[in-house]
Amino acid sequence: MNEELTQLEAELRRLRPAPVSPALQRRIAADLSGAGAVPAPRLWSWLAVPAAAGLAAVLAQVAESRLAPAAATADGAFRPVAAEKLLVSARDEGVVTLDDGTTARRRRLHFLDTIVWRDPRTNASVTWTLPREEVRIVPVSFQ
Amino acid sequence: MANPTDHAAWQSWLQRFGPKLLLCARQWTRTRADAEDVVQEAFVRYWRHQRDLPGDPMALMVTSVRRAALDLARREGRRARRDDLAGRGGEPVGNFDSNGEGDERRAGLEEAVQRLPAEQREVLVLKVWGELTFEQIAATLDLSPHTAASRYRYALAALRHQLATVPCHE
């Protein structure tokens with residue numbers, strides 16, 4: 001590269017890109033702090049498995065209702081946009097006898113449910129990952 | 001830094017890299033508002049999930065910004081809606097800081113950069129202000145390093161040609 005182009009390059013480098021606006025800084029701060037949004041899952045999800053399982057059931061209902069656009073959180077900003085159910089483990093606990101005397105097979109399944117929420121106004125998103133335990137009782141008959 | 005919302009840490013990072021990222025984002029967006037949107041999305045993603053990854057953070061962020069810009073471009077409805085908002089779309093905001101001295105020359109340079117073909121301008125911006133290597137630019141834009149270097153040389157030559165025909169008073 002000749003001297004003239006090198007000087008031009010140096011002159012370009014001296015131009016300083018315009019700074020980030022205070023408004024953008026505020027938006028990023030709000031995003032990172034989760035202000036006005038759904039609480040971050042890390043704070044509690046793994047500490048309260050039973051509560052999480054209950055909440056997961058509710059969210060699963062939302063997911064099964066095909067995530068209708070009208071669905072919203074209490075503050076009306078975030079909406080669920082994607083849901084995923086991952087089977088982590090399954091254990092066959094064998095044949096059991098229920099209270100009414102019915103013979104059944106009991107299976108215990110562990111899922112990780114992931115729900116993605118998005119605020120269409122800011123495009124901010126929150127991802128919830130919740131553990132869920134499901135016990136399936138299947139009546140059996142011996143012939 | 002263990003706390004992902006560490007205010008001072010991310011603000012310091014944003015002050016250092018944010019202006020360069022915004023300038024890069026402007027190469028792939030129609031308005032400064034769009035550029036701010038994609039920088040916000042990419043920065044939050046980086047700060048939450050990617051800042052511990054190995055490699056050059058600027059290169060990672062530029063890739064993330066470009067991806068966010070392409071996603072935004074696909075959401076045509078959202079773009080049209082936002083452009084209808086008063087005072088945002090198309091506002092005449094300069095891409096470079098003005099310090100009063102040499103403003104005429106600065107404006108001339110900025111205009112000349114804006115007149116470059118888009119494929120040359122994006123390489124120039126990523127190289128000069130993004131401070132990426134040709135290898136990193138090539139990876140970001142899905143080019144060969146040779147092509148990236150060629151476009152950079154063409155951009156400088158075109159700028160020199162443009163500026164030679166513009167009276168400059170420093």
# chains A, B, ... in the order shown; residues from 1 in each chain; ligands from 1
call {"tool": "residues_around", "arguments": {"residues": "stretch 118-126 of chain A", "least_positions_apart": "6", "cutoff": "6 Å", "atoms": "only C-alpha atoms", "output": "JSON, numbers by chain"}}
result
{"A": [77, 78, 79]}
call {"tool": "write_last_selection", "arguments": {"atoms": "N, CA and C atoms", "output": "PDB file, in the first residue's frame"}}
result
ATOM      1  N   ALA A  77     -46.371  -7.825  29.167  1.00  0.00           N
ATOM      2  CA  ALA A  77     -45.297  -7.514  28.238  1.00  0.00           C
ATOM      3  C   ALA A  77     -44.753  -8.774  27.571  1.00  0.00           C
ATOM      4  N   PHE A  78     -44.359  -9.757  28.353  1.00  0.00           N
ATOM      5  CA  PHE A  78     -43.728 -10.948  27.793  1.00  0.00           C
ATOM      6  C   PHE A  78     -44.775 -11.981  27.395  1.00  0.00           C
ATOM      7  N   ARG A  79     -44.478 -12.638  26.282  1.00  0.00           N
ATOM      8  CA  ARG A  79     -45.373 -13.690  25.808  1.00  0.00           C
ATOM      9  C   ARG A  79     -44.552 -14.927  25.505  1.00  0.00           C
TER      10      ARG A  79
END
call {"tool": "interface_residues", "arguments": {"of": "chain B", "to": "chain A", "cutoff": "10 Å", "atoms": "only C-alpha atoms", "output": "MDAnalysis selection string"}}
result
chainID B and resid 4:7 10:11 14:24 33 36:41 43:45 47:48 78 82 93:99 106 109:110 113 124:125 127:129 131 153 156:157 159:160 163
call {"tool": "atom_distance", "arguments": {"atom1": "atom CA of A:Val116", "atom2": "atom CA of A:Glu84"}}
result
8.9 Å
call {"tool": "residues_around", "arguments": {"residues": "stretch 133-137 of chain A", "least_positions_apart": "2", "cutoff": "7 Å", "atoms": "only C-alpha atoms", "output": "number ranges by chain"}}
result
A: 53, 104-111, 131, 139
call {"tool": "write_last_selection", "arguments": {"atoms": "C-alpha atoms", "output": "PDB file, in the first residue's frame"}}
result
ATOM      1  CA  ALA A  53     -43.042 -28.882  38.813  1.00  0.00           C
ATOM      2  CA  ALA A 104     -50.744 -51.150  38.247  1.00  0.00           C
ATOM      3  CA  ARG A 105     -47.264 -50.475  36.927  1.00  0.00           C
ATOM      4  CA  ARG A 106     -45.630 -47.250  38.121  1.00  0.00           C
ATOM      5  CA  ARG A 107     -43.113 -45.277  36.012  1.00  0.00           C
ATOM      6  CA  ARG A 108     -41.348 -42.153  37.174  1.00  0.00           C
ATOM      7  CA  LEU A 109     -40.245 -39.714  34.431  1.00  0.00           C
ATOM      8  CA  HIS A 110     -38.088 -36.621  34.750  1.00  0.00           C
ATOM      9  CA  PHE A 111     -38.424 -33.822  32.215  1.00  0.00           C
ATOM     10  CA  PRO A 131     -37.398 -29.582  36.063  1.00  0.00           C
ATOM     11  CA  PRO A 139     -53.275 -50.507  35.306  1.00  0.00           C
TER      12      PRO A 139
END
call {"tool": "decode", "arguments": {"residues": "stretch 80-123 of chain A", "atoms": "C-alpha atoms", "output": "mmCIF file, in the first residue's frame"}}
result
data_model
loop_
_atom_site.group_PDB
_atom_site.id
_atom_site.type_symbol
_atom_site.label_atom_id
_atom_site.label_comp_id
_atom_site.auth_asym_id
_atom_site.auth_seq_id
_atom_site.Cartn_x
_atom_site.Cartn_y
_atom_site.Cartn_z
ATOM 1 C CA PRO A 80 -44.367 -17.339 25.443
ATOM 2 C CA VAL A 81 -43.032 -17.945 21.949
ATOM 3 C CA ALA A 82 -41.474 -21.403 22.158
ATOM 4 C CA ALA A 83 -41.722 -24.485 24.336
ATOM 5 C CA GLU A 84 -39.659 -27.643 24.497
ATOM 6 C CA LYS A 85 -40.033 -30.769 26.621
ATOM 7 C CA LEU A 86 -36.940 -32.919 27.150
ATOM 8 C CA LEU A 87 -37.171 -36.364 28.782
ATOM 9 C CA VAL A 88 -34.118 -36.668 31.017
ATOM 10 C CA SER A 89 -34.695 -40.030 32.665
ATOM 11 C CA ALA A 90 -37.323 -42.723 33.122
ATOM 12 C CA ARG A 91 -37.467 -45.341 35.840
ATOM 13 C CA ASP A 92 -39.792 -48.308 35.991
ATOM 14 C CA GLU A 93 -40.730 -48.797 39.640
ATOM 15 C CA GLY A 94 -42.482 -52.084 39.002
ATOM 16 C CA VAL A 95 -45.914 -53.332 39.880
ATOM 17 C CA VAL A 96 -47.767 -51.663 42.751
ATOM 18 C CA THR A 97 -51.125 -52.100 44.367
ATOM 19 C CA LEU A 98 -53.259 -48.987 44.563
ATOM 20 C CA ASP A 99 -55.558 -48.073 47.473
ATOM 21 C CA ASP A 100 -58.549 -49.526 45.737
ATOM 22 C CA GLY A 101 -56.761 -52.799 45.187
ATOM 23 C CA THR A 102 -56.037 -52.238 41.532
ATOM 24 C CA THR A 103 -52.747 -53.615 40.295
ATOM 25 C CA ALA A 104 -50.744 -51.150 38.247
ATOM 26 C CA ARG A 105 -47.264 -50.475 36.927
ATOM 27 C CA ARG A 106 -45.630 -47.250 38.121
ATOM 28 C CA ARG A 107 -43.113 -45.277 36.012
ATOM 29 C CA ARG A 108 -41.348 -42.153 37.174
ATOM 30 C CA LEU A 109 -40.245 -39.714 34.431
ATOM 31 C CA HIS A 110 -38.088 -36.621 34.750
ATOM 32 C CA PHE A 111 -38.424 -33.822 32.215
ATOM 33 C CA LEU A 112 -36.771 -30.477 31.593
ATOM 34 C CA ASP A 113 -39.291 -28.019 30.210
ATOM 35 C CA THR A 114 -37.955 -24.934 28.490
ATOM 36 C CA ILE A 115 -40.187 -21.973 27.770
ATOM 37 C CA VAL A 116 -38.979 -18.908 25.895
ATOM 38 C CA TRP A 117 -40.760 -15.638 26.584
ATOM 39 C CA ARG A 118 -40.345 -12.557 24.440
ATOM 40 C CA ASP A 119 -41.339 -8.937 24.805
ATOM 41 C CA PRO A 120 -42.376 -7.857 21.293
ATOM 42 C CA ARG A 121 -41.783 -4.205 22.120
ATOM 43 C CA THR A 122 -38.095 -4.567 22.953
ATOM 44 C CA ASN A 123 -37.360 -8.032 21.567
#
